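Structure first, then comments.
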Amino acid sequence: MIRVQTEDFDIGTEVKKLTEGRTDIGAVVTFSGLVRNTDDGALASMELEHYPGMTEKELARIEAEANERWPLQASLVIHRVGKLAPGDNIVLVVTASAHRQAAFESASFLMDYLKTRAPFWKNEDKGGETNWVDARESDGEAAAKWEV
Amino acid sequence: MIRVQTEDFDIGTEVKKLTEGRTDIGAVVTFSGLVRNTDDGALASMELEHYPGMTEKELARIEAEANERWPLQASLVIHRVGKLAPGDNIVLVVTASAHRQAAFESASFLMDYLKTRAPFWKNEDKGGETNWVDARESDGEAAAKWEV
Amino acid sequence: MKLLYFAWVKQKAGVAEEDVTLPGEVRDVSGVISWLKTRGEGYELAFADLSVIRCAVNQEHGDFSTPIAGASEIAFFPPVTGG
Amino acid sequence: MKLLYFAWVKQKAGVAEEDVTLPGEVRDVSGVISWLKTRGEGYELAFADLSVIRCAVNQEHGDFSTPIAGASEIAFFPPVTGG
């Protein structure tokens, strides 16, 4: 399941929706990404821009790829857009499987792919002065390790 | 933080307690383990036995080890004991860090070590007939990969 | 043909979205970029360093050699930074 | 000396916890096990296959060669299965 939204999410509620009434899930991994203040502590807010239409398609592709690679009972990706403050949630990935290795690996894979393929861009606002965040080289390397 | 308890936990609540009011956390990973029904679908309930005193010490040792190996902003391990039904939560591990790799790796490490070192034992009840669950060889191998 | 621009590519080009009729000889994404750069300073600025330009054709990641035949939407943007 | 037993070790031994006075010549965990096996059929059954016996001395994981000098608590149990 894929959602792009401005509203916040609650991890516990989302996990419960995926697992409730099921007895075939042994392991649930969640990853949540938060707006971290910049090293100078000057971040006022952050604007998440995205490419409507392509975003949803790309997230769905990435999720389908995870479900092909690992035996997942359920998966979920939520990404927020719009204006966010330091400490706010940005992204949530949830994977559920019978065993923990599949849940851990697929959640990590989803995040690595999302970081390099999902069309979102962060614009930092340090009190008037805005700055587009640069992509990190380490994100490209993290995604590359999943290519077979 | 370490807790051994009979009560259930809520993932969202626990994560909020760790992250609230902070702006230095960029990544939170949670692992939750649930009671999965046996392949024959016959599991009525499961009893979690533990070694009071040693359990808390061992969980604290494992958590301290994770905090030595990775730069964590926060960590939490909750393990339930007593009688549980299929679908119930058993264990929760939460790790929070500036970046996602540390959060993913430390959560995975905590689970691998917990699985092989924390003194808990599962007793399955299939409607009168009870059975102590055997340790899985793959858990030993998973823990061994972290030794340097 | 619909062209879309995001993040600083949009800011430098000075446009978010436009409908254009491409010359017949433009066959791939790199041809689109060459043509755009003849259209004004904003585009020249936006496409000055192609090492930080990414593109999508019909909402799928492409590269500069991706053919545009049959495409209805091409987007240009910097490397993504979500998550 | 307090001895503790868990899971099926406890069920086979027929005891969860006991206070014992060990003979002076018992120096390590393996000595404790040998002595226990002389105390009855339950212990013999519990310690029949030592490959599936784990132990802790003073609430820290040990092995059969761990010395027991100064220890106040020794526990025997199968490989753990929590999580």
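Naming scheme: A, B, ... for chains in displayed order of the structure tokens; residues 1 onward per chain; ligands 1 onward as shown.
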
Using only C-alpha atoms, select each residue of chain A with any atom at most 12 Å away from an atom of chain C, and give the selection as a PyMOL selection string. chain A and resi 4+31-36+46-59+61+77-82+89-93+108+110-124+130-140

DSSP on the backbone, helix (DSSP H, G or I) only: what residues of stretch 33-62 of chain B does that give? Format it as JSON, numbers by chain. {"B": [54, 55, 56, 57, 58, 59, 60, 61, 62]}

Those same residues, written as an mmCIF file, in the first residue's frame with all heavy atoms?
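Written out: again_1.cif:
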```
data_model
loop_
_atom_site.group_PDB
_atom_site.id
_atom_site.type_symbol
_atom_site.label_atom_id
_atom_site.label_comp_id
_atom_site.auth_asym_id
_atom_site.auth_seq_id
_atom_site.Cartn_x
_atom_site.Cartn_y
_atom_site.Cartn_z
ATOM 1 N N MET B 54 18.146 -12.359 35.657
ATOM 2 C CA MET B 54 19.101 -12.494 34.551
ATOM 3 C C MET B 54 18.545 -11.872 33.269
ATOM 4 O O MET B 54 19.289 -11.257 32.498
ATOM 5 C CB MET B 54 19.468 -13.950 34.287
ATOM 6 C CG MET B 54 20.444 -14.066 33.124
ATOM 7 S SD MET B 54 21.112 -15.730 32.859
ATOM 8 C CE MET B 54 22.009 -15.484 31.316
ATOM 9 N N THR B 55 17.246 -12.022 33.039
ATOM 10 C CA THR B 55 16.639 -11.466 31.816
ATOM 11 C C THR B 55 16.939 -9.980 31.695
ATOM 12 O O THR B 55 17.427 -9.502 30.668
ATOM 13 C CB THR B 55 15.113 -11.665 31.851
ATOM 14 O OG1 THR B 55 14.846 -13.049 32.024
ATOM 15 C CG2 THR B 55 14.484 -11.197 30.555
ATOM 16 N N GLU B 56 16.645 -9.243 32.742
ATOM 17 C CA GLU B 56 16.840 -7.798 32.712
ATOM 18 C C GLU B 56 18.319 -7.457 32.514
ATOM 19 O O GLU B 56 18.663 -6.551 31.745
ATOM 20 C CB GLU B 56 16.333 -7.165 34.020
ATOM 21 C CG GLU B 56 14.810 -7.202 34.193
ATOM 22 C CD GLU B 56 14.264 -8.563 34.646
ATOM 23 O OE1 GLU B 56 15.086 -9.504 34.871
ATOM 24 O OE2 GLU B 56 13.033 -8.702 34.763
ATOM 25 N N LYS B 57 19.190 -8.192 33.233
ATOM 26 C CA LYS B 57 20.628 -7.926 33.092
ATOM 27 C C LYS B 57 21.103 -8.200 31.680
ATOM 28 O O LYS B 57 21.898 -7.450 31.118
ATOM 29 C CB LYS B 57 21.426 -8.797 34.074
ATOM 30 C CG LYS B 57 21.375 -8.293 35.502
ATOM 31 C CD LYS B 57 22.234 -9.161 36.408
ATOM 32 C CE LYS B 57 21.892 -8.868 37.872
ATOM 33 N NZ LYS B 57 22.434 -9.903 38.755
ATOM 34 N N GLU B 58 20.631 -9.319 31.112
ATOM 35 C CA GLU B 58 21.092 -9.707 29.780
ATOM 36 C C GLU B 58 20.585 -8.714 28.726
ATOM 37 O O GLU B 58 21.322 -8.321 27.831
ATOM 38 C CB GLU B 58 20.613 -11.133 29.475
ATOM 39 C CG GLU B 58 21.327 -11.803 28.337
ATOM 40 C CD GLU B 58 22.840 -11.923 28.523
ATOM 41 O OE1 GLU B 58 23.309 -12.058 29.674
ATOM 42 O OE2 GLU B 58 23.558 -11.827 27.511
ATOM 43 N N LEU B 59 19.319 -8.312 28.847
ATOM 44 C CA LEU B 59 18.790 -7.323 27.892
ATOM 45 C C LEU B 59 19.563 -6.006 27.999
ATOM 46 O O LEU B 59 19.887 -5.377 26.986
ATOM 47 C CB LEU B 59 17.291 -7.082 28.135
ATOM 48 C CG LEU B 59 16.358 -8.252 27.795
ATOM 49 C CD1 LEU B 59 14.913 -7.890 28.122
ATOM 50 C CD2 LEU B 59 16.476 -8.647 26.319
ATOM 51 N N ALA B 60 19.886 -5.607 29.220
ATOM 52 C CA ALA B 60 20.651 -4.363 29.414
ATOM 53 C C ALA B 60 22.042 -4.487 28.808
ATOM 54 O O ALA B 60 22.555 -3.535 28.194
ATOM 55 C CB ALA B 60 20.735 -4.025 30.901
ATOM 56 N N ARG B 61 22.673 -5.667 28.952
ATOM 57 C CA ARG B 61 23.998 -5.899 28.342
ATOM 58 C C ARG B 61 23.931 -5.772 26.827
ATOM 59 O O ARG B 61 24.782 -5.158 26.200
ATOM 60 C CB ARG B 61 24.478 -7.328 28.659
ATOM 61 C CG ARG B 61 25.210 -7.485 29.955
ATOM 62 C CD ARG B 61 25.656 -8.948 30.138
ATOM 63 N NE ARG B 61 25.753 -9.248 31.563
ATOM 64 C CZ ARG B 61 25.082 -10.186 32.213
ATOM 65 N NH1 ARG B 61 24.265 -10.994 31.548
ATOM 66 N NH2 ARG B 61 25.229 -10.348 33.500
ATOM 67 N N ILE B 62 22.903 -6.401 26.238
ATOM 68 C CA ILE B 62 22.754 -6.391 24.776
ATOM 69 C C ILE B 62 22.506 -4.972 24.282
ATOM 70 O O ILE B 62 23.070 -4.518 23.296
ATOM 71 C CB ILE B 62 21.590 -7.335 24.363
ATOM 72 C CG1 ILE B 62 21.917 -8.788 24.753
ATOM 73 C CG2 ILE B 62 21.307 -7.225 22.876
ATOM 74 C CD1 ILE B 62 20.729 -9.736 24.651
#
```

Find the residues near D:Leu50: any atom within 10 Å, counting only C-alpha atoms, skip ones fewer than 4 places away on the same chain, and give them as a PyMOL selection string. chain D and resi 30+33+46+54+64+78

Mind dumping the selected residues with N, CA, C and O atoms as a PDB file, in the first residue's frame?
```pdb
ATOM      1  N   SER D  30      30.632 -28.256  35.148  1.00  0.00           N
ATOM      2  CA  SER D  30      30.546 -29.659  34.770  1.00  0.00           C
ATOM      3  C   SER D  30      30.572 -30.546  36.016  1.00  0.00           C
ATOM      4  O   SER D  30      29.924 -31.597  36.053  1.00  0.00           O
ATOM      5  N   ILE D  33      27.075 -30.627  37.406  1.00  0.00           N
ATOM      6  CA  ILE D  33      26.202 -31.531  36.654  1.00  0.00           C
ATOM      7  C   ILE D  33      26.465 -32.997  37.046  1.00  0.00           C
ATOM      8  O   ILE D  33      25.531 -33.761  37.296  1.00  0.00           O
ATOM      9  N   ALA D  46      17.267 -35.027  32.835  1.00  0.00           N
ATOM     10  CA  ALA D  46      17.440 -33.628  32.451  1.00  0.00           C
ATOM     11  C   ALA D  46      18.805 -33.394  31.808  1.00  0.00           C
ATOM     12  O   ALA D  46      18.928 -32.620  30.861  1.00  0.00           O
ATOM     13  N   ARG D  54      22.324 -25.354  28.504  1.00  0.00           N
ATOM     14  CA  ARG D  54      23.053 -24.103  28.663  1.00  0.00           C
ATOM     15  C   ARG D  54      23.052 -23.747  30.147  1.00  0.00           C
ATOM     16  O   ARG D  54      22.201 -24.228  30.912  1.00  0.00           O
ATOM     17  N   PHE D  64      30.468 -25.193  30.526  1.00  0.00           N
ATOM     18  CA  PHE D  64      30.685 -26.258  31.508  1.00  0.00           C
ATOM     19  C   PHE D  64      32.000 -26.102  32.267  1.00  0.00           C
ATOM     20  O   PHE D  64      32.175 -26.642  33.341  1.00  0.00           O
ATOM     21  N   PRO D  78      17.538 -24.971  28.554  1.00  0.00           N
ATOM     22  CA  PRO D  78      17.796 -25.278  27.150  1.00  0.00           C
ATOM     23  C   PRO D  78      18.206 -24.000  26.409  1.00  0.00           C
ATOM     24  O   PRO D  78      18.076 -22.903  26.961  1.00  0.00           O
TER      25      PRO D  78
END
```

At a cut-off of 7 Å, which residues of chain B touch chain A? Count only C-alpha atoms and give the answer as number ranges by chain. B: 10-12, 22-37, 86-87

Return as number ranges by chain the full set of residues in stretch 8-147 of chain B whose backbone-based DSSP assignment is strand (DSSP E). B: 27-34, 45-50, 72-80, 82-84, 89-97, 120-125, 130-132

Any chance you could export the current selection's C-alpha atoms as an mmCIF file, in the first residue's frame?
```
data_model
loop_
_atom_site.group_PDB
_atom_site.id
_atom_site.type_symbol
_atom_site.label_atom_id
_atom_site.label_comp_id
_atom_site.auth_asym_id
_atom_site.auth_seq_id
_atom_site.Cartn_x
_atom_site.Cartn_y
_atom_site.Cartn_z
ATOM 1 C CA ALA B 27 15.709 7.618 11.579
ATOM 2 C CA VAL B 28 13.684 5.294 13.797
ATOM 3 C CA VAL B 29 13.497 1.540 13.223
ATOM 4 C CA THR B 30 11.125 -0.703 15.136
ATOM 5 C CA PHE B 31 10.980 -4.466 15.135
ATOM 6 C CA SER B 32 8.002 -6.220 16.626
ATOM 7 C CA GLY B 33 7.737 -9.970 16.965
ATOM 8 C CA LEU B 34 4.282 -11.564 17.063
ATOM 9 C CA SER B 45 -1.716 -20.214 23.115
ATOM 10 C CA MET B 46 1.901 -19.789 24.051
ATOM 11 C CA GLU B 47 3.564 -19.398 27.439
ATOM 12 C CA LEU B 48 6.684 -17.258 27.686
ATOM 13 C CA GLU B 49 8.886 -18.372 30.581
ATOM 14 C CA HIS B 50 11.894 -16.324 31.635
ATOM 15 C CA LEU B 72 22.165 5.789 18.804
ATOM 16 C CA GLN B 73 20.048 8.667 20.050
ATOM 17 C CA ALA B 74 17.700 6.257 21.829
ATOM 18 C CA SER B 75 16.956 2.567 22.143
ATOM 19 C CA LEU B 76 14.263 0.428 23.732
ATOM 20 C CA VAL B 77 13.659 -3.275 24.251
ATOM 21 C CA ILE B 78 10.333 -4.580 25.584
ATOM 22 C CA HIS B 79 9.755 -8.323 25.993
ATOM 23 C CA ARG B 80 6.476 -9.773 27.183
ATOM 24 C CA GLY B 82 3.264 -15.066 30.439
ATOM 25 C CA LYS B 83 0.439 -16.424 28.330
ATOM 26 C CA LEU B 84 0.004 -15.071 24.781
ATOM 27 C CA ASN B 89 2.867 -9.002 20.384
ATOM 28 C CA ILE B 90 5.893 -10.702 21.989
ATOM 29 C CA VAL B 91 8.805 -8.320 21.645
ATOM 30 C CA LEU B 92 9.527 -4.741 20.581
ATOM 31 C CA VAL B 93 12.895 -3.274 19.695
ATOM 32 C CA VAL B 94 13.241 0.418 18.810
ATOM 33 C CA THR B 95 16.423 2.190 17.719
ATOM 34 C CA ALA B 96 16.774 5.872 16.851
ATOM 35 C CA SER B 97 19.753 7.486 15.151
ATOM 36 C CA PHE B 120 13.240 -16.673 27.481
ATOM 37 C CA TRP B 121 11.628 -19.984 26.537
ATOM 38 C CA LYS B 122 8.452 -20.534 24.510
ATOM 39 C CA ASN B 123 6.024 -23.292 25.419
ATOM 40 C CA GLU B 124 3.343 -23.932 22.775
ATOM 41 C CA ASP B 125 -0.092 -25.153 23.812
ATOM 42 C CA THR B 130 2.236 -28.593 25.301
ATOM 43 C CA ASN B 131 5.621 -28.444 23.624
ATOM 44 C CA TRP B 132 8.822 -26.481 24.325
#
```

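Nearest-residue note for D:Val15: choosing from D:Phe47, D:Val32, D:Leu3, D:Ile74, the minimum distance belongs to D:Leu3, counting only C-alpha atoms.
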
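The gap separating atom CA of C:Tyr43 from atom CA of C:Arg27 is 19.0 Å, in Å to one decimal.
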
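Between atom CA of D:Val20 and atom CA of D:Ser51 lies a distance of 24.4 Å.
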
Which residues, written as a PyMOL selection string, have at least one atom at most 8 Å from D:Ile68, with only C-alpha atoms counted and residues fewer than 2 positions away on the same chain left out? chain D and resi 27-29+57+66+70-71

Interatomic distance (Å, one decimal) between atom CA of C:Ala48 and atom CA of C:Leu36: 11.5 Å
